[in-house]
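Trainee: As input, take work.txt (compact mmCIF, C-alpha atoms):
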# COMPACT_ATOMS: atom_id res chain seq x y z
CA VAL Z 1389 -48.57 -97.04 41.94
CA GLY Z 1390 -49.17 -94.11 44.27
CA ILE Z 1391 -49.62 -96.35 47.30
CA GLY Z 1392 -46.53 -98.33 46.36
CA VAL Z 1393 -44.40 -95.20 46.19
CA PHE Z 1394 -45.82 -94.02 49.51
CA VAL Z 1395 -45.02 -97.34 51.19
CA ALA Z 1396 -41.53 -97.46 49.72
CA THR Z 1397 -40.85 -93.92 50.92
CA ALA Z 1398 -42.18 -94.73 54.37
CA VAL Z 1399 -39.93 -97.79 54.60
CA VAL Z 1400 -36.86 -95.74 53.64
CA GLN Z 1401 -37.69 -93.09 56.23
CA LEU Z 1402 -38.28 -95.74 58.88
CA ARG Z 1403 -34.91 -97.31 58.19
CA LYS Z 1404 -33.23 -93.91 58.45
CA PHE Z 1405 -35.00 -93.26 61.74
CA ILE Z 1406 -33.92 -96.63 63.15
CA GLN Z 1407 -30.33 -96.05 62.08
CA PHE Z 1408 -30.43 -92.57 63.58
CA GLN Z 1409 -31.64 -93.97 66.90
CA LYS Z 1410 -28.87 -96.58 66.87
CA ASP Z 1411 -26.27 -93.90 66.18
CA MET Z 1412 -27.65 -91.69 68.93
CA ALA Z 1413 -27.64 -94.59 71.38
CA LEU Z 1414 -23.93 -95.07 70.68
CA ILE Z 1415 -23.33 -91.38 71.28
CA TRP Z 1416 -25.20 -91.45 74.59
CA THR Z 1417 -22.87 -94.17 75.86
CA GLN Z 1418 -20.17 -91.47 75.83
CA LEU Z 1419 -22.31 -89.26 78.11
CA PRO Z 1420 -23.26 -91.48 81.05
CA ASN Z 1421 -23.81 -88.57 83.48
CA SER Z 1422 -26.27 -86.63 81.32
CA THR Z 1423 -29.97 -86.48 82.13
CA ALA Z 1424 -32.71 -87.62 79.75
CA GLN Z 1425 -33.77 -84.00 79.35
CA GLN Z 1426 -30.25 -82.92 78.35
CA LEU Z 1427 -29.92 -85.78 75.89
CA GLY Z 1428 -33.30 -84.95 74.38
CA ALA Z 1429 -32.32 -81.32 73.89
CA PHE Z 1430 -29.06 -82.42 72.31
CA GLU Z 1431 -30.85 -84.73 69.91
CA GLU Z 1432 -33.11 -81.85 68.88
CA VAL Z 1433 -30.05 -79.78 67.96
CA ILE Z 1434 -28.98 -82.52 65.55
CA LEU Z 1435 -32.46 -82.88 64.07
CA LYS Z 1436 -32.68 -79.12 63.47
CA THR Z 1437 -29.48 -79.34 61.46
CA PHE Z 1438 -31.01 -82.00 59.23
CA ARG Z 1439 -34.05 -79.82 58.63
CA LYS Z 1440 -32.05 -76.69 57.74
CA LEU Z 1441 -29.16 -78.02 55.66
CA PRO Z 1442 -28.53 -80.93 53.25
CA ILE Z 1443 -26.42 -82.91 55.72
CA HIS Z 1444 -26.24 -86.71 55.58
CA THR Z 1445 -27.55 -88.25 58.81
CA LYS Z 1446 -24.69 -90.71 59.19
CA SER Z 1447 -22.03 -88.06 58.62
CA ALA Z 1448 -23.62 -85.81 61.25
CA THR Z 1449 -23.93 -88.51 63.90
CA ASP Z 1450 -20.37 -89.65 63.18
CA ALA Z 1451 -19.27 -86.03 63.64
CA MET Z 1452 -21.06 -85.83 66.96
CA PHE Z 1453 -19.47 -89.05 68.12
CA ASP Z 1454 -16.02 -87.66 67.23
CA ILE Z 1455 -16.74 -84.43 69.11
CA ILE Z 1456 -17.67 -86.23 72.30
CA SER Z 1457 -14.99 -88.95 72.06
CA THR Z 1458 -12.25 -86.29 71.73
CA GLY Z 1459 -13.14 -84.78 75.07
CA PHE Z 1460 -16.01 -82.36 74.52
CA THR Z 1461 -18.35 -84.19 76.88
CA ASP Z 1462 -20.13 -81.11 78.18
CA ILE Z 1463 -23.34 -80.95 76.14
CA LYS Z 1464 -23.20 -77.16 75.71
CA ASP Z 1465 -19.59 -77.33 74.51
CA ALA Z 1466 -20.28 -80.24 72.19
CA THR Z 1467 -23.27 -78.39 70.73
CA LYS Z 1468 -21.16 -75.32 69.94
CA VAL Z 1469 -18.61 -77.44 68.09
CA PHE Z 1470 -21.33 -79.38 66.28
CA GLU Z 1471 -23.21 -76.26 65.14
CA ALA Z 1472 -20.05 -74.83 63.57
CA GLY Z 1473 -19.64 -77.85 61.31
CA PRO Z 1474 -22.62 -77.84 58.91
CA ILE Z 1475 -22.07 -74.45 57.29
CA LEU Z 1476 -18.39 -75.21 56.60
CA ALA Z 1477 -19.34 -78.63 55.25
CA VAL Z 1478 -22.02 -77.30 52.90
CA ALA Z 1479 -20.10 -74.21 51.77
CA GLY Z 1480 -16.91 -76.19 51.27
CA GLY Z 1481 -18.52 -79.22 49.65
CA THR Z 1482 -17.30 -81.79 52.16
CA GLU Z 1483 -18.76 -84.17 54.73
CA MET Z 1484 -19.71 -82.81 58.14
CA LYS Z 1485 -17.50 -85.37 59.85
CA THR Z 1486 -14.55 -83.93 57.92
CA SER Z 1487 -15.36 -80.28 58.63
CA VAL Z 1488 -15.93 -80.95 62.33
CA GLY Z 1489 -12.65 -82.86 62.43
CA ALA Z 1490 -10.81 -79.77 61.20
CA ILE Z 1491 -12.49 -77.57 63.81
CA ILE Z 1492 -11.62 -80.03 66.58
CA THR Z 1493 -8.00 -80.11 65.39
CA ILE Z 1494 -7.68 -76.33 65.62
CA LEU Z 1495 -9.41 -76.15 69.00
CA LYS Z 1496 -7.09 -78.81 70.42
CA SER Z 1497 -3.88 -77.57 68.78
CA TYR Z 1498 -4.30 -74.00 69.99
CA GLY Z 1499 -6.16 -74.63 73.23
CA MET Z 1500 -9.03 -72.44 72.08
CA SER Z 1501 -12.40 -72.06 73.73
CA VAL Z 1502 -15.34 -73.76 72.01
CA ASP Z 1503 -16.88 -70.28 71.83
CA ARG Z 1504 -14.55 -69.71 68.86
CA ALA Z 1505 -15.74 -72.74 66.90
CA ASN Z 1506 -17.79 -70.65 64.46
CA GLU Z 1507 -14.88 -68.26 64.00
CA ILE Z 1508 -12.59 -71.18 63.19
CA ALA Z 1509 -15.06 -72.54 60.63
CA ASN Z 1510 -15.30 -69.13 58.96
CA LYS Z 1511 -11.52 -68.69 58.79
CA LEU Z 1512 -11.03 -72.17 57.36
CA PHE Z 1513 -13.49 -71.31 54.60
CA ILE Z 1514 -11.71 -67.98 53.99
CA THR Z 1515 -8.43 -69.90 53.76
CA GLN Z 1516 -9.96 -72.06 51.04
CA ARG Z 1517 -11.19 -69.02 49.12
CA ARG Z 1518 -7.90 -67.13 49.34
CA GLY Z 1519 -5.71 -70.12 48.52
CA ARG Z 1520 -5.68 -72.93 45.99
CA ILE Z 1521 -7.08 -75.67 48.19
CA THR Z 1522 -10.47 -77.24 48.84
CA VAL Z 1523 -12.07 -77.38 52.28
CA ASP Z 1524 -11.85 -81.16 52.07
CA GLU Z 1525 -8.08 -81.05 51.41
CA LEU Z 1526 -7.64 -78.43 54.10
CA ALA Z 1527 -9.64 -80.34 56.69
CA ARG Z 1528 -7.87 -83.64 56.02
CA SER Z 1529 -4.32 -82.32 56.20
CA ILE Z 1530 -4.19 -79.16 58.31
CA GLY Z 1531 -3.63 -81.12 61.51
CA SER Z 1532 0.14 -81.45 61.07
CA ALA Z 1533 0.65 -77.72 60.49
CA ALA Z 1534 -1.76 -76.74 63.28
CA ALA Z 1535 -0.20 -79.02 65.88
CA THR Z 1536 3.33 -77.86 65.10
CA GLY Z 1537 2.30 -74.22 64.74
CA GLY Z 1538 0.58 -74.27 68.10
CA ILE Z 1539 3.76 -75.56 69.78
CA ALA Z 1540 5.91 -73.03 67.90
CA GLY Z 1541 3.75 -70.15 69.10
CA VAL Z 1542 2.37 -69.31 65.65
CA SER Z 1543 -1.24 -68.13 65.89
CA PHE Z 1544 -4.08 -69.88 64.09
CA GLU Z 1545 -4.63 -66.77 61.98
CA GLU Z 1546 -0.96 -66.70 60.91
CA MET Z 1547 -0.96 -70.41 60.18
CA ALA Z 1548 -4.14 -70.21 58.08
CA ALA Z 1549 -2.78 -67.21 56.14
CA SER Z 1550 0.49 -69.06 55.52
CA VAL Z 1551 -1.34 -72.11 54.19
CA ALA Z 1552 -3.44 -69.99 51.82
CA THR Z 1553 -0.39 -68.09 50.52
CA THR Z 1554 1.71 -71.22 50.10
CA THR Z 1555 -0.96 -73.06 48.11
CA LEU Z 1556 -0.91 -70.19 45.62
CA GLN Z 1557 2.85 -70.54 45.27
CA LEU Z 1558 3.15 -74.33 45.22
CA ALA Z 1559 -0.26 -75.22 43.74
CA ASN Z 1560 -0.36 -78.46 45.71
CA ALA Z 1561 -2.29 -78.75 48.96
CA ARG Z 1562 -0.26 -81.54 50.59
CA GLU Z 1563 3.11 -80.07 49.64
CA SER Z 1564 1.99 -76.65 50.87
CA ILE Z 1565 0.94 -77.85 54.30
CA THR Z 1566 4.09 -79.97 54.56
CA ALA Z 1567 6.15 -76.86 53.80
CA VAL Z 1568 4.32 -74.87 56.49
CA ARG Z 1569 4.83 -77.66 59.03
CA ASN Z 1570 8.51 -78.02 58.18
CA LEU Z 1571 9.05 -74.32 58.68
CA TYR Z 1572 7.47 -74.47 62.11
CA LEU Z 1573 9.68 -77.45 62.98
CA ALA Z 1574 12.75 -75.41 62.04
CA LEU Z 1575 11.52 -72.42 64.05
CA LEU Z 1576 11.03 -74.56 67.16
CA LYS Z 1577 14.64 -75.63 67.68
CA PRO Z 1578 16.74 -76.44 64.64
CA THR Z 1579 19.59 -78.87 65.28
CA GLU Z 1580 23.12 -78.26 64.01
CA LYS Z 1581 22.47 -80.71 61.18
CA ALA Z 1582 19.23 -78.91 60.33
CA LYS Z 1583 21.08 -75.59 60.32
CA ALA Z 1584 23.67 -77.06 57.97
CA ILE Z 1585 20.96 -78.33 55.63
CA LEU Z 1586 19.26 -74.94 55.70
CA ALA Z 1587 22.57 -73.30 54.80
CA GLU Z 1588 23.13 -75.83 52.01
CA HIS Z 1589 19.80 -74.81 50.50
CA ASN Z 1590 20.54 -71.12 51.09
CA ILE Z 1591 17.63 -70.84 53.52
CA GLU Z 1592 18.04 -68.07 56.10
CA LEU Z 1593 15.48 -67.64 58.86
CA THR Z 1594 16.42 -64.06 59.65
CA LYS Z 1595 17.27 -60.82 57.90
CA LEU Z 1596 18.26 -57.29 58.92
CA ASP Z 1597 15.64 -54.59 59.40
CA GLU Z 1598 16.09 -50.90 58.55
CA ASN Z 1599 18.00 -50.41 61.82
CA GLY Z 1600 20.38 -53.26 61.14
CA GLN Z 1601 18.73 -55.51 63.72
CA GLU Z 1602 18.25 -59.21 62.97
CA VAL Z 1603 14.58 -60.15 62.67
CA LEU Z 1604 12.69 -63.24 61.56
CA LYS Z 1605 11.78 -63.23 57.89
CA PRO Z 1606 8.07 -63.12 56.99
CA LEU Z 1607 6.68 -66.64 56.93
CA GLU Z 1608 5.48 -66.25 53.36
CA GLU Z 1609 9.08 -65.74 52.20
CA MET Z 1610 10.39 -68.85 53.90
CA ILE Z 1611 7.67 -71.46 53.51
CA PRO Z 1612 8.17 -72.35 49.80
CA LEU Z 1613 11.84 -73.09 50.50
CA PHE Z 1614 10.92 -75.66 53.12
CA SER Z 1615 8.84 -77.83 50.82
CA LYS Z 1616 12.03 -79.58 49.68
CA LEU Z 1617 13.07 -80.62 53.20
CA SER Z 1618 11.84 -83.70 55.03
CA THR Z 1619 10.88 -83.87 58.69
CA SER Z 1620 13.84 -86.16 59.42
CA GLU Z 1621 16.27 -83.65 57.94
CA LEU Z 1622 14.95 -80.95 60.22
CA LEU Z 1623 14.93 -83.00 63.42
CA MET Z 1624 17.92 -85.34 63.18
Kindly present the structure from the file in structure tokens form.

Mentor:
Amino acid sequence: VGIGVFVATAVVQLRKFIQFQKDMALIWTQLPNSTAQQLGAFEEVILKTFRKLPIHTKSATDAMFDIISTGFTDIKDATKVFEAGPILAVAGGTEMKTSVGAIITILKSYGMSVDRANEIANKLFITQRRGRITVDELARSIGSAAATGGIAGVSFEEMAASVATTTLQLANARESITAVRNLYLALLKPTEKAKAILAEHNIELTKLDENGQEVLKPLEEMIPLFSKLSTSELLM
């Protein structure tokens, strides 16, 4: 029985190793100008992640493929993005491919340096803790709010805080992120029809400060109101 278990375990490990090599070979096709030494060092980074954290091999290699295929072809840059993914995945209870996808979305939407990848992962986890949303929900849907927020000039920190606050008010992850995105769409350049719809719903983007000057309302005050408006209503 002991030998049988040993053989069965060895077969499973061999299959995993073969699959890993196939996945890595696919990744290397995205890096035709890298040396064998660079590729070997990169592979070691991935293997270290497997040894440290309970990350599924396939999810990790898929994450790496996504990192490289979205433009992070410099091995040092790709490594920084990759190393930010596992902790968010484990802490947030999601797949590494999903967590890395969220980090890539923020990096691309805000034009951030890969040196901030760990910071982004930490703030996404903080957003989950402060709001009523899972990391998985956040990672799968934050793209629309991030892309629009980046264009509207809203910082990543403001956007993340708005998402957390809105999930507490609306108690629905998708509706909350839709509300945040719709607000950013309105802030960009509302059309006359959009302005009329905002007025119909008694939504005002500005208020008077203590000096009587018109200023933009805090995002947290406006976002819940926008959950009832569609993208077409704001842009047509």

Trainee: Would you mind reading off the distance between CA of Arg1569 in chain Z and CA of Ile1530 in chain Z, one decimal, in Å?

Mentor: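 CA of Arg1569 in chain Z sits 9.2 Å away from CA of Ile1530 in chain Z.
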
Trainee: Pick out the closest residue to Glu1483 in chain Z from this set: Z:Val1469, Z:Leu1495, Z:Ala1527, Z:Leu1512. Count all atoms listed in the file.

Mentor: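 Of all the options, Z:Ala1527 lies closest to Glu1483 in chain Z.
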
Trainee: I need the residue nearest Thr1461 in chain Z from this list: Z:Thr1553, Z:Gln1418, Z:Ser1497, Z:Thr1515. Use only C-alpha atoms for the distance.

Mentor: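 With only C-alpha atoms as the atom set, the closest residue is Z:Gln1418.
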
Trainee: Between CA of Asp1503 in chain Z and CA of Arg1520 in chain Z, what is the distance in Å, rounded to a tenth?

Mentor: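 One can read the CA of Asp1503 in chain Z to CA of Arg1520 in chain Z distance as 28.3 Å.
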
Trainee: Between CA of Ala1448 in chain Z and CA of Val1478 in chain Z, what distance in Å does the model show, to one decimal?

Mentor: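 Distance between the two atoms: 12.0 Å.
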